[in-house]
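Text of the file start_21.tsv, holding TSV, C-alpha atoms:
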```tsv
chain	number	residue	atom	x	y	z
A	17	MET	CA	-10.22	9.12	7.06
A	18	THR	CA	-12.03	7.44	9.96
A	19	LEU	CA	-13.07	4.28	8.10
A	20	HIS	CA	-10.83	2.10	5.93
A	21	GLY	CA	-11.88	-0.56	3.43
A	22	ALA	CA	-15.58	-0.04	2.73
A	23	PRO	CA	-18.22	2.69	2.46
A	24	PRO	CA	-19.95	3.59	5.74
A	25	SER	CA	-23.30	2.43	4.35
A	26	VAL	CA	-21.94	-1.09	3.76
A	27	VAL	CA	-20.38	-1.31	7.22
A	28	ARG	CA	-23.49	0.13	8.88
A	29	ALA	CA	-25.73	-2.43	7.19
A	30	ALA	CA	-23.35	-5.29	7.98
A	31	ILE	CA	-23.40	-4.45	11.69
A	32	GLN	CA	-27.17	-4.09	11.76
A	33	ARG	CA	-27.73	-7.43	10.02
A	34	GLY	CA	-24.84	-9.22	11.69
A	35	ASP	CA	-23.55	-10.03	8.20
A	36	PRO	CA	-19.88	-11.01	8.57
A	37	LEU	CA	-19.15	-11.19	4.83
A	38	PRO	CA	-20.94	-8.26	3.16
A	39	GLY	CA	-18.81	-8.19	0.02
A	40	THR	CA	-15.66	-6.30	1.03
A	41	ARG	CA	-11.96	-7.05	1.48
A	42	GLY	CA	-12.25	-6.04	5.13
A	43	PHE	CA	-12.77	-2.78	7.01
A	44	ALA	CA	-11.93	-1.02	10.25
A	45	GLY	CA	-12.53	2.37	11.83
A	46	GLU	CA	-15.35	4.52	13.08
A	47	VAL	CA	-18.87	4.75	11.75
A	48	ASP	CA	-21.80	6.48	13.51
A	49	GLY	CA	-19.71	6.81	16.66
A	50	LEU	CA	-18.98	3.06	16.71
A	51	LEU	CA	-15.50	1.60	16.46
A	52	VAL	CA	-15.56	-1.57	14.35
A	53	ARG	CA	-13.29	-4.17	12.75
A	54	ASP	CA	-14.24	-6.90	10.27
A	55	VAL	CA	-14.34	-10.58	11.23
A	56	LEU	CA	-10.95	-11.45	9.72
A	57	GLY	CA	-9.16	-8.34	10.91
A	58	ARG	CA	-8.00	-7.49	7.42
A	59	TYR	CA	-7.39	-3.86	8.43
A	60	PRO	CA	-5.35	-3.32	11.61
A	61	LEU	CA	-6.95	-1.24	14.33
A	62	PHE	CA	-5.56	-0.32	17.75
A	63	ILE	CA	-6.91	1.18	20.96
A	64	ASP	CA	-5.42	2.83	24.03
A	65	GLY	CA	-8.20	3.64	26.48
A	66	GLU	CA	-10.67	5.76	24.54
A	67	ALA	CA	-8.07	6.70	21.90
A	68	TRP	CA	-7.73	4.65	18.72
A	69	ALA	CA	-5.58	4.58	15.57
A	70	PHE	CA	-4.82	2.53	12.49
A	71	ASP	CA	-1.10	2.84	13.25
A	72	PRO	CA	0.00	1.55	16.68
A	73	THR	CA	2.93	3.97	16.78
A	74	GLU	CA	0.43	6.81	17.22
A	75	LEU	CA	-0.64	5.48	20.64
A	76	ASP	CA	1.25	5.31	23.94
A	77	ASP	CA	0.13	1.81	24.89
A	78	PRO	CA	-1.57	0.24	21.85
A	79	ARG	CA	-3.42	-3.05	21.87
A	80	SER	CA	-5.16	-4.71	18.97
A	81	PHE	CA	-8.86	-4.08	18.58
A	82	PRO	CA	-10.37	-7.59	18.29
A	83	ALA	CA	-11.61	-8.70	14.90
A	84	GLY	CA	-15.37	-9.01	14.54
A	85	HIS	CA	-16.09	-6.61	17.40
A	86	VAL	CA	-17.72	-3.24	17.79
A	87	ARG	CA	-17.25	-0.68	20.56
A	88	SER	CA	-19.94	1.78	21.57
A	89	ARG	CA	-20.46	3.95	24.62
A	90	GLU	CA	-21.85	0.84	26.32
A	91	GLY	CA	-18.67	-1.14	25.77
A	92	MET	CA	-17.18	-3.81	23.51
A	93	GLU	CA	-19.16	-6.65	21.98
A	94	ARG	CA	-18.87	-9.13	19.12
A	95	TRP	CA	-20.98	-8.13	16.14
A	96	GLY	CA	-20.12	-10.95	13.74
A	97	SER	CA	-18.17	-14.19	13.34
A	98	LEU	CA	-17.28	-16.44	10.44
A	99	PRO	CA	-20.28	-18.43	9.18
A	100	GLU	CA	-20.40	-22.21	8.93
A	101	PRO	CA	-22.01	-22.83	5.54
A	102	SER	CA	-23.27	-26.21	4.46
A	103	LEU	CA	-20.86	-28.47	2.63
A	104	ALA	CA	-20.80	-27.95	-1.11
A	105	GLU	CA	-20.77	-30.85	-3.54
A	106	PRO	CA	-17.29	-31.25	-5.05
A	107	SER	CA	-18.25	-30.01	-8.53
A	108	ASP	CA	-20.26	-27.14	-7.06
A	109	GLY	CA	-17.44	-26.25	-4.67
A	110	VAL	CA	-14.90	-25.70	-7.42
A	111	GLU	CA	-17.34	-23.62	-9.43
A	112	ALA	CA	-18.20	-21.56	-6.34
A	113	VAL	CA	-14.49	-20.82	-5.82
A	114	ARG	CA	-14.03	-19.89	-9.48
A	115	SER	CA	-17.03	-17.54	-9.40
A	116	ALA	CA	-15.82	-15.99	-6.15
A	117	LEU	CA	-12.38	-15.37	-7.63
A	118	GLU	CA	-13.92	-13.67	-10.66
A	119	ARG	CA	-15.93	-11.42	-8.37
A	120	ALA	CA	-12.90	-10.61	-6.23
A	121	PHE	CA	-10.70	-9.84	-9.23
A	122	SER	CA	-13.32	-7.50	-10.68
A	123	THR	CA	-13.03	-5.24	-7.62
A	124	VAL	CA	-9.29	-4.57	-8.01
A	125	ASP	CA	-8.12	-1.30	-9.51
A	126	THR	CA	-4.78	-1.90	-11.25
A	127	ASP	CA	-3.70	1.75	-11.31
A	128	GLY	CA	-0.45	2.05	-9.33
A	129	LEU	CA	-0.46	-1.69	-8.62
A	130	ALA	CA	2.41	-4.19	-8.59
A	131	ILE	CA	2.41	-7.85	-7.51
A	132	ALA	CA	4.64	-9.65	-5.03
A	133	PHE	CA	5.43	-12.74	-7.07
A	134	SER	CA	7.06	-15.97	-5.89
A	135	GLY	CA	6.09	-18.18	-8.82
A	136	GLY	CA	3.73	-20.23	-6.65
A	137	LEU	CA	0.03	-20.80	-7.26
A	138	ASP	CA	-1.32	-17.84	-5.27
A	139	SER	CA	0.80	-15.07	-6.71
A	140	ALA	CA	0.75	-16.66	-10.19
A	141	LEU	CA	-3.03	-16.45	-10.15
A	142	LEU	CA	-2.82	-12.71	-9.51
A	143	ALA	CA	-0.11	-12.31	-12.16
A	144	ALA	CA	-2.23	-14.10	-14.76
A	145	VAL	CA	-5.25	-11.88	-14.12
A	146	PHE	CA	-3.67	-8.46	-13.65
A	147	ASP	CA	-1.36	-7.07	-16.32
A	148	VAL	CA	0.99	-5.25	-13.93
A	149	PRO	CA	4.70	-5.59	-13.06
A	150	LEU	CA	5.86	-8.47	-10.88
A	151	TYR	CA	8.46	-8.29	-8.11
A	152	VAL	CA	10.30	-11.06	-6.28
A	153	VAL	CA	12.79	-10.78	-3.43
A	154	GLY	CA	15.44	-13.26	-2.40
A	155	PHE	CA	19.09	-14.00	-1.96
A	156	PRO	CA	21.00	-15.19	-5.05
A	157	ASP	CA	20.06	-18.73	-6.12
A	158	SER	CA	17.07	-18.79	-3.79
A	159	HIS	CA	14.10	-20.98	-4.65
A	160	ASP	CA	11.70	-18.03	-4.95
A	161	VAL	CA	13.88	-16.10	-7.40
A	162	GLU	CA	14.31	-19.10	-9.69
A	163	ALA	CA	10.63	-20.06	-9.48
A	164	ALA	CA	9.55	-16.47	-10.14
A	165	ARG	CA	11.77	-16.18	-13.19
A	166	HIS	CA	10.34	-19.38	-14.64
A	167	GLY	CA	6.78	-18.41	-13.77
A	168	ALA	CA	7.14	-14.97	-15.32
A	169	ASP	CA	8.44	-16.58	-18.50
A	170	LEU	CA	5.41	-18.88	-18.65
A	171	LEU	CA	3.10	-15.91	-18.20
A	172	ASP	CA	5.12	-13.63	-20.50
A	173	ALA	CA	5.19	-11.04	-17.70
A	174	ASP	CA	7.71	-8.41	-16.62
A	175	LEU	CA	9.62	-9.38	-13.49
A	176	THR	CA	11.92	-7.33	-11.28
A	177	VAL	CA	14.26	-9.31	-9.00
A	178	VAL	CA	15.04	-7.58	-5.70
A	179	GLU	CA	18.31	-9.19	-4.60
A	180	ALA	CA	18.51	-9.20	-0.81
A	181	THR	CA	21.75	-8.59	1.07
A	182	HIS	CA	22.85	-8.89	4.69
A	183	ALA	CA	22.92	-5.11	4.89
A	184	ASP	CA	19.28	-5.03	3.81
A	185	LEU	CA	18.31	-7.36	6.66
A	186	GLU	CA	20.25	-5.39	9.25
A	187	ARG	CA	18.69	-2.14	8.06
A	188	ALA	CA	15.13	-3.46	7.74
A	189	VAL	CA	14.83	-5.37	11.01
A	190	PRO	CA	14.62	-2.28	13.27
A	191	GLU	CA	12.12	-0.67	10.90
A	192	ILE	CA	9.88	-3.75	10.97
A	193	VAL	CA	10.08	-3.98	14.75
A	194	ALA	CA	9.19	-0.29	15.06
A	195	ALA	CA	6.20	-0.70	12.73
A	196	THR	CA	4.79	-3.94	14.14
A	197	GLY	CA	5.98	-3.99	17.73
A	198	ARG	CA	7.14	-7.59	17.22
A	199	THR	CA	10.59	-9.02	17.77
A	200	ASN	CA	10.03	-12.78	17.66
A	201	ALA	CA	12.11	-14.50	15.00
A	202	MET	CA	9.26	-16.06	13.01
A	203	ASP	CA	7.30	-12.82	12.63
A	204	VAL	CA	10.39	-10.89	11.59
A	205	GLN	CA	11.54	-13.59	9.16
A	206	ILE	CA	8.14	-13.51	7.45
A	207	ALA	CA	7.97	-9.73	7.44
A	208	LEU	CA	11.43	-9.13	5.99
A	209	PRO	CA	10.74	-10.30	2.40
A	210	LEU	CA	7.46	-8.36	2.40
A	211	TYR	CA	9.20	-5.21	3.58
A	212	LEU	CA	12.05	-5.44	1.08
A	213	VAL	CA	9.82	-6.06	-1.93
A	214	ALA	CA	7.34	-3.36	-0.85
A	215	GLU	CA	10.21	-0.90	-0.35
A	216	ARG	CA	11.42	-1.48	-3.91
A	217	VAL	CA	7.89	-1.24	-5.32
A	218	ALA	CA	7.44	2.12	-3.59
A	219	ALA	CA	10.80	3.35	-4.88
A	220	ASP	CA	9.70	2.45	-8.40
A	221	GLY	CA	6.63	4.68	-8.09
A	222	PHE	CA	3.86	2.24	-7.24
A	223	ASP	CA	1.56	2.86	-4.31
A	224	ARG	CA	-0.13	-0.55	-3.93
A	225	LEU	CA	1.17	-4.11	-3.72
A	226	ALA	CA	-1.00	-7.15	-4.44
A	227	LEU	CA	-0.29	-10.19	-2.28
A	228	GLY	CA	-1.58	-13.76	-2.29
A	229	GLN	CA	-2.41	-13.52	1.41
A	230	GLY	CA	-4.99	-15.90	2.82
A	231	ALA	CA	-4.87	-18.66	0.22
A	232	ASP	CA	-3.00	-21.16	2.40
A	233	GLU	CA	-5.30	-20.56	5.36
A	234	LEU	CA	-8.55	-20.63	3.38
A	235	PHE	CA	-7.82	-23.57	1.10
A	236	GLY	CA	-5.84	-26.08	3.16
A	237	GLY	CA	-2.31	-25.12	2.21
A	238	TYR	CA	-0.54	-26.07	5.43
A	239	ALA	CA	1.10	-29.41	6.19
A	240	LYS	CA	-0.41	-29.39	9.68
A	241	VAL	CA	-3.88	-29.18	8.12
A	242	ALA	CA	-3.16	-31.96	5.64
A	243	LYS	CA	-1.98	-34.21	8.50
A	244	ALA	CA	-4.94	-33.64	10.82
A	245	PRO	CA	-5.60	-35.24	13.27
A	246	GLU	CA	-2.08	-36.67	13.64
A	247	ASP	CA	-0.36	-33.28	13.71
A	248	PRO	CA	-0.27	-31.91	17.29
A	249	ARG	CA	-0.27	-28.32	16.01
A	250	VAL	CA	-4.01	-28.54	15.32
A	251	GLU	CA	-6.76	-29.68	17.66
A	252	SER	CA	-9.32	-30.76	15.07
A	253	ASP	CA	-9.61	-34.36	13.90
A	254	THR	CA	-10.66	-33.34	10.37
A	255	VAL	CA	-9.03	-31.40	7.56
A	256	ARG	CA	-12.01	-29.06	7.39
A	257	GLY	CA	-11.88	-28.38	11.12
A	258	ALA	CA	-8.13	-27.80	11.02
A	259	THR	CA	-8.62	-25.37	8.13
A	260	ARG	CA	-11.07	-23.42	10.25
A	261	GLU	CA	-8.49	-23.28	13.03
A	262	VAL	CA	-5.85	-21.70	10.81
A	263	ILE	CA	-8.36	-19.28	9.27
A	264	GLU	CA	-8.99	-17.98	12.77
A	265	THR	CA	-5.28	-17.11	13.08
A	266	LEU	CA	-5.52	-14.65	10.18
A	267	PRO	CA	-6.21	-11.48	12.22
A	268	ASP	CA	-2.85	-11.76	13.97
A	269	GLN	CA	-0.94	-12.60	10.79
A	270	LEU	CA	-2.60	-9.92	8.69
A	271	GLU	CA	-1.87	-7.25	11.28
A	272	ARG	CA	1.85	-8.03	10.96
A	273	ASP	CA	1.80	-8.13	7.16
A	274	VAL	CA	-0.27	-5.00	6.63
A	275	LEU	CA	1.78	-2.92	9.05
A	276	THR	CA	5.00	-4.16	7.43
A	277	VAL	CA	3.96	-3.30	3.89
A	278	ARG	CA	2.61	0.10	4.92
A	279	ALA	CA	5.84	0.90	6.74
A	280	ALA	CA	7.67	0.35	3.45
A	281	GLY	CA	5.50	2.96	1.75
A	282	VAL	CA	2.74	1.11	-0.10
A	283	GLU	CA	-0.76	-0.18	0.62
A	284	PRO	CA	-1.33	-3.95	0.50
A	285	VAL	CA	-4.09	-5.41	-1.68
A	286	ALA	CA	-5.30	-8.94	-0.97
A	287	PRO	CA	-7.77	-10.11	-3.64
A	288	LEU	CA	-7.84	-13.68	-2.31
A	289	LEU	CA	-9.24	-12.39	0.99
A	290	HIS	CA	-12.36	-10.91	-0.58
A	291	ASP	CA	-15.52	-11.88	1.31
A	292	ALA	CA	-16.78	-13.91	-1.65
A	293	VAL	CA	-13.62	-16.04	-1.69
A	294	VAL	CA	-13.74	-16.52	2.08
A	295	GLU	CA	-17.37	-17.64	1.92
A	296	ALA	CA	-16.71	-20.08	-0.92
A	297	ALA	CA	-13.73	-21.56	0.91
A	298	LEU	CA	-15.65	-22.03	4.15
A	299	GLY	CA	-18.15	-24.27	2.34
A	300	LEU	CA	-15.60	-26.67	0.86
A	301	PRO	CA	-15.52	-30.31	1.97
A	302	GLY	CA	-12.23	-31.75	3.14
A	303	GLU	CA	-11.60	-33.53	-0.15
A	304	LEU	CA	-11.50	-30.15	-1.93
A	305	LEU	CA	-8.94	-28.86	0.56
A	306	VAL	CA	-6.55	-31.81	0.70
A	307	GLU	CA	-6.55	-34.98	-1.37
A	308	GLY	CA	-3.64	-37.36	-0.94
A	309	GLU	CA	-0.46	-35.31	-1.30
A	310	THR	CA	-2.25	-32.40	-2.98
A	311	ARG	CA	-3.21	-29.33	-0.95
A	312	LYS	CA	-5.49	-26.45	-1.98
A	313	VAL	CA	-7.35	-28.78	-4.33
A	314	ALA	CA	-10.31	-26.50	-5.11
A	315	LEU	CA	-8.14	-23.43	-5.63
A	316	ARG	CA	-5.89	-25.33	-8.03
A	317	GLU	CA	-8.82	-26.63	-10.06
A	318	ALA	CA	-10.45	-23.21	-10.14
A	319	ALA	CA	-7.13	-21.64	-11.21
A	320	TRP	CA	-7.05	-23.65	-14.44
A	321	ARG	CA	-9.40	-20.96	-15.74
A	322	TRP	CA	-6.39	-18.61	-15.81
A	323	LEU	CA	-3.16	-20.59	-15.39
A	324	PRO	CA	-1.16	-23.18	-17.32
A	325	GLU	CA	-1.16	-26.54	-15.56
A	326	GLU	CA	2.46	-26.22	-14.45
A	327	LEU	CA	1.69	-23.13	-12.38
A	328	ALA	CA	-1.71	-24.36	-11.17
A	329	THR	CA	-0.11	-27.48	-9.71
A	330	ARG	CA	3.14	-25.99	-8.41
A	331	GLU	CA	3.99	-26.27	-4.72
A	332	LYS	CA	5.81	-23.46	-2.95
A	333	LYS	CA	7.97	-22.80	0.06
A	334	ALA	CA	7.06	-20.39	2.81
A	335	VAL	CA	8.42	-16.96	1.88
A	336	GLN	CA	10.95	-16.80	4.70
A	337	TYR	CA	12.51	-20.06	3.47
A	338	GLY	CA	11.98	-19.71	-0.26
A	339	SER	CA	13.74	-16.34	-0.22
A	340	LEU	CA	16.52	-17.66	2.08
A	341	VAL	CA	15.84	-14.76	4.45
A	342	ALA	CA	15.39	-17.08	7.45
A	343	ARG	CA	18.70	-18.83	6.71
A	344	GLU	CA	20.63	-15.59	6.29
A	345	LEU	CA	19.13	-13.93	9.36
A	346	ASP	CA	20.22	-16.97	11.34
A	347	ARG	CA	23.69	-16.65	9.82
A	348	LEU	CA	23.88	-12.97	10.86
A	349	ALA	CA	22.74	-13.84	14.38
A	350	ARG	CA	25.51	-16.42	14.76
A	351	GLN	CA	28.12	-14.08	13.32
A	352	ALA	CA	27.06	-11.51	15.93
A	353	GLY	CA	27.66	-14.02	18.73
A	354	PHE	CA	24.12	-15.33	19.18
A	355	LYS	CA	24.79	-19.07	18.96
A	356	ARG	CA	22.18	-21.72	18.30
A	357	ARG	CA	22.71	-23.20	21.75
A	358	MET	CA	21.26	-20.00	23.17
A	359	ASP	CA	17.54	-19.86	23.80
A	360	ASP	CA	15.79	-18.41	20.71
A	361	HIS	CA	19.05	-16.93	19.44
A	362	VAL	CA	17.54	-15.21	16.36
A	363	THR	CA	14.97	-13.36	18.47
A	364	GLN	CA	17.76	-12.19	20.75
A	365	TYR	CA	19.65	-10.92	17.70
A	366	VAL	CA	16.56	-9.09	16.44
A	367	GLU	CA	16.15	-7.43	19.81
A	368	SER	CA	19.80	-6.35	19.78
A	369	LEU	CA	19.33	-4.63	16.43
A	370	SER	CA	16.22	-2.83	17.66
A	371	ARG	CA	17.52	-1.23	20.84
```
Take the structure in the file and give it back as structure tokens.
Amino acid sequence: MTLHGAPPSVVRAAIQRGDPLPGTRGFAGEVDGLLVRDVLGRYPLFIDGEAWAFDPTELDDPRSFPAGHVRSREGMERWGSLPEPSLAEPSDGVEAVRSALERAFSTVDTDGLAIAFSGGLDSALLAAVFDVPLYVVGFPDSHDVEAARHGADLLDADLTVVEATHADLERAVPEIVAATGRTNAMDVQIALPLYLVAERVAADGFDRLALGQGADELFGGYAKVAKAPEDPRVESDTVRGATREVIETLPDQLERDVLTVRAAGVEPVAPLLHDAVVEAALGLPGELLVEGETRKVALREAAWRWLPEELATREKKAVQYGSLVARELDRLARQAGFKRRMDDHVTQYVESLSR
């Protein structure tokens, strides 16, 4: 296959019109002799001179093909970028998100599908809509395992707990590094839970894994966004501007996550990154992103269509912390002699496992 994610006719029309959100969950590949990647980089694509591949391990010196660009015989150019829609009224904004979610959910085929479930809002929304098995990964007594068990009970859904071990981390780290080309601690800590749950899903006979990717970026889920402009990690002086900043980091994050899940043997599915959801999120005013201590306001209100209030309002921890993977990888690094006083000791440990 030379094009992933959408029919050639859709991609061809999108390029011709400069339409960045033509109704897909992303695309990448070759169409009519053009190499193209969607504006959010939802499908990884790599180049090495004139050669290209979806898997960087197939190239000698791969580099990421930039999101929202097209390459022809004449060279590389941007074909589309994220729009800046007008601000929606609060009541209209929530309804727009709800309608976009319905559209996105209607495009998902549940055959061979499982869900990575942490018990938080994003994965609970998927679990409430799709009647498929749920999987959670974590060390014993981790936040994510306990939250997932409670959430699955509320939804009356089947849950499989994948109990992580130190041996799992030591085995998986080199495989993640080989698949993604990344050794920095944060990337590997995030990728590890994804890899371990995807590996189990594949072993159980499923070929696709639904993830709640994109919700935090699109809907104001990060503390640094909620604290704009005081937080130095964002440049914008508004919540809406800070949200746009983190949305623009998605291509790099999604490349890591997609390559990780594929390396474990399944294909990721990200319903919350459907073009319709992205477009609805981009039009939200700041008060529908963050209000007081509440983040992802519009998504939570829209989710009441499917979720009990307890799940619609639940906060979550980042997967590397909620699963305790970050803590235990740090523990392994120190046991191997990589002390915290050393510069970036976990990254050094990861590199030692990957030689």
Which is closest to Leu227 of chain A among A:Val262, A:Val55, A:Val161, A:Leu129, if we use only C-alpha atoms?
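Using only C-alpha atoms, Leu227 of chain A sits closest to A:Leu129.
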Atomic separation - atom CA of Leu37 of chain A relative to atom CA of Ser122 of chain A, Å
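Atom CA of Leu37 of chain A lies 17.0 Å from atom CA of Ser122 of chain A.
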Can you tell me, as a list in words, what residues are no more than 9 Å from His290 of chain A when counting only C-alpha atoms, ignoring any on the same chain fewer than 4 positions away?
Leu37, Gly39, Thr40, Arg41, Gly42, Ala116, Leu117, Arg119, Ala120, Phe121, Ala286, Val294 and Glu295 of chain A
Would you export the selected residues with C-alpha atoms as an mmCIF file, keeping the file's coordinate frame, please?
```
data_model
loop_
_atom_site.group_PDB
_atom_site.id
_atom_site.type_symbol
_atom_site.label_atom_id
_atom_site.label_comp_id
_atom_site.auth_asym_id
_atom_site.auth_seq_id
_atom_site.Cartn_x
_atom_site.Cartn_y
_atom_site.Cartn_z
ATOM 1 C CA LEU A 37 -19.150 -11.190 4.830
ATOM 2 C CA GLY A 39 -18.810 -8.190 0.020
ATOM 3 C CA THR A 40 -15.660 -6.300 1.030
ATOM 4 C CA ARG A 41 -11.960 -7.050 1.480
ATOM 5 C CA GLY A 42 -12.250 -6.040 5.130
ATOM 6 C CA ALA A 116 -15.820 -15.990 -6.150
ATOM 7 C CA LEU A 117 -12.380 -15.370 -7.630
ATOM 8 C CA ARG A 119 -15.930 -11.420 -8.370
ATOM 9 C CA ALA A 120 -12.900 -10.610 -6.230
ATOM 10 C CA PHE A 121 -10.700 -9.840 -9.230
ATOM 11 C CA ALA A 286 -5.300 -8.940 -0.970
ATOM 12 C CA VAL A 294 -13.740 -16.520 2.080
ATOM 13 C CA GLU A 295 -17.370 -17.640 1.920
#
```
Counting all atoms listed in the file, note down every residue that has an atom within 8 Å of the point (3.1, -6.1, 14.0) (file coordinates), as a list in words.
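Within the cut-off we find Ile192, Val193, Ala195, Thr196, Gly197, Arg198, Glu271, Arg272, Asp273, Leu275 and Thr276 of chain A.
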Only C-alpha atoms, please: the residues just picked out, written as a JSON list (two decimals), in the frame of the given file.
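Now in out_22.json:
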```json
[["chain", "number", "residue", "atom", "x", "y", "z"],
["A", 192, "ILE", "CA", 9.88, -3.75, 10.97],
["A", 193, "VAL", "CA", 10.08, -3.98, 14.75],
["A", 195, "ALA", "CA", 6.20, -0.70, 12.73],
["A", 196, "THR", "CA", 4.79, -3.94, 14.14],
["A", 197, "GLY", "CA", 5.98, -3.99, 17.73],
["A", 198, "ARG", "CA", 7.14, -7.59, 17.22],
["A", 271, "GLU", "CA", -1.87, -7.25, 11.28],
["A", 272, "ARG", "CA", 1.85, -8.03, 10.96],
["A", 273, "ASP", "CA", 1.80, -8.13, 7.16],
["A", 275, "LEU", "CA", 1.78, -2.92, 9.05],
["A", 276, "THR", "CA", 5.00, -4.16, 7.43]]
```
Name all residues at most 9 Å from Ala168 of chain A (count all atoms listed in the file; drop same-chain ones fewer than 3 positions away) and give them as a VMD selection string.
chain A and resid 133 135 140 143 150 163 to 165 171 to 175
Ranking A:Lys333, A:His159, A:Arg216, A:Arg114 by minimum distance to Ala239 of chain A and counting all atoms listed in the file, which one comes first?
A:Lys333
Show me, as a short mmCIF file (atom, residue, chain, number, x, y, z; two decimals) with C-alpha atoms, in the frame of the given file, the residues that have an atom within 10 Å of segment 60-75 of chain A when counting all atoms listed in the file, minus same-chain residues fewer than 5 positions from it.
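Listed below is the output, result.cif:
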```
data_model
loop_
_atom_site.label_atom_id
_atom_site.label_comp_id
_atom_site.auth_asym_id
_atom_site.auth_seq_id
_atom_site.Cartn_x
_atom_site.Cartn_y
_atom_site.Cartn_z
CA THR A 18 -12.03 7.44 9.96
CA LEU A 19 -13.07 4.28 8.10
CA HIS A 20 -10.83 2.10 5.93
CA GLY A 42 -12.25 -6.04 5.13
CA PHE A 43 -12.77 -2.78 7.01
CA ALA A 44 -11.93 -1.02 10.25
CA GLY A 45 -12.53 2.37 11.83
CA GLU A 46 -15.35 4.52 13.08
CA LEU A 51 -15.50 1.60 16.46
CA VAL A 52 -15.56 -1.57 14.35
CA ARG A 53 -13.29 -4.17 12.75
CA ASP A 54 -14.24 -6.90 10.27
CA SER A 80 -5.16 -4.71 18.97
CA PHE A 81 -8.86 -4.08 18.58
CA PRO A 82 -10.37 -7.59 18.29
CA ALA A 83 -11.61 -8.70 14.90
CA ARG A 89 -20.46 3.95 24.62
CA ALA A 194 9.19 -0.29 15.06
CA ALA A 195 6.20 -0.70 12.73
CA THR A 196 4.79 -3.94 14.14
CA GLY A 197 5.98 -3.99 17.73
CA PRO A 267 -6.21 -11.48 12.22
CA ASP A 268 -2.85 -11.76 13.97
CA LEU A 270 -2.60 -9.92 8.69
CA GLU A 271 -1.87 -7.25 11.28
CA ARG A 272 1.85 -8.03 10.96
CA ASP A 273 1.80 -8.13 7.16
CA VAL A 274 -0.27 -5.00 6.63
CA LEU A 275 1.78 -2.92 9.05
CA ARG A 278 2.61 0.10 4.92
CA ALA A 279 5.84 0.90 6.74
#
```
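Atom CA of Val145 of chain A is positioned 20.7 Å from atom CA of Val282 of chain A.
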Rounded to one decimal, what separation in Å do you get between atom CA of Asp48 of chain A and atom CA of Glu93 of chain A?
15.8 Å
Name all residues at most 7 Å from Val366 of chain A (count all atoms listed in the file; drop same-chain ones fewer than 4 positions away) and give them as number ranges by chain.
A: 189, 199, 362, 370
Grab the residues selected above and save them as a PDB file, in the coordinates of the input with C-alpha atoms.
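Wrote part-v7.pdb, looks like this:
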```pdb
ATOM      1  CA  VAL A 189      14.830  -5.370  11.010  1.00  0.00           C
ATOM      2  CA  THR A 199      10.590  -9.020  17.770  1.00  0.00           C
ATOM      3  CA  VAL A 362      17.540 -15.210  16.360  1.00  0.00           C
ATOM      4  CA  SER A 370      16.220  -2.830  17.660  1.00  0.00           C
TER       5      SER A 370
END
```
Would you compute the box with edges along x, y and z of the file around segment 220-228 of chain A, including every atom the file lists for it and 8 Å extra on each side, and give its centre and edge lengths in Å to one decimal, as lines of an AutoDock Vina configuration file?
```
center_x = 4.1
center_y = -4.5
center_z = -5.3
size_x = 27.3
size_y = 34.4
size_z = 22.1
```
Can you write out as JSON lines which residues of segment 91-168 of chain A fall within 7 Å of segment 338-350 of chain A, alongside each residue's closest atom pair and its distance in Å to one decimal, counting all atoms listed in the file and ordering rows by chain and ascending residue number?
```
{"residue": "A:Val153", "atom": "CA", "partner": "A:Ser339", "partner_atom": "CA", "distance": 6.5}
{"residue": "A:Gly154", "atom": "CA", "partner": "A:Ser339", "partner_atom": "CA", "distance": 4.1}
{"residue": "A:Phe155", "atom": "CA", "partner": "A:Leu340", "partner_atom": "CA", "distance": 6.0}
{"residue": "A:Ser158", "atom": "CA", "partner": "A:Ser339", "partner_atom": "CA", "distance": 5.5}
{"residue": "A:His159", "atom": "CA", "partner": "A:Gly338", "partner_atom": "CA", "distance": 5.0}
{"residue": "A:Asp160", "atom": "CA", "partner": "A:Gly338", "partner_atom": "CA", "distance": 5.0}
```
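Closest approach to Tyr365 of chain A from the set A:Glu162, A:Glu179, A:Asp253, A:Glu186 is made by A:Glu186, with distances taken over all atoms listed in the file.
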Put segment 140-152 of chain A into a file with C-alpha atoms, as a short mmCIF file (atom, residue, chain, number, x, y, z; two decimals), in the first residue's frame.
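To be explicit, this is the file written out as part-v2.cif:
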```cif
data_model
loop_
_atom_site.label_atom_id
_atom_site.label_comp_id
_atom_site.auth_asym_id
_atom_site.auth_seq_id
_atom_site.Cartn_x
_atom_site.Cartn_y
_atom_site.Cartn_z
CA ALA A 140 -13.90 5.92 29.23
CA LEU A 141 -15.62 7.77 26.41
CA LEU A 142 -14.37 5.17 23.94
CA ALA A 143 -15.32 2.33 26.29
CA ALA A 144 -18.86 3.66 26.64
CA VAL A 145 -19.37 3.89 22.89
CA PHE A 146 -17.67 0.74 21.63
CA ASP A 147 -18.67 -2.63 23.05
CA VAL A 148 -15.20 -4.21 22.89
CA PRO A 149 -12.75 -5.54 25.51
CA LEU A 150 -10.77 -3.10 27.64
CA TYR A 151 -7.12 -3.43 28.63
CA VAL A 152 -5.10 -1.58 31.27
#
```
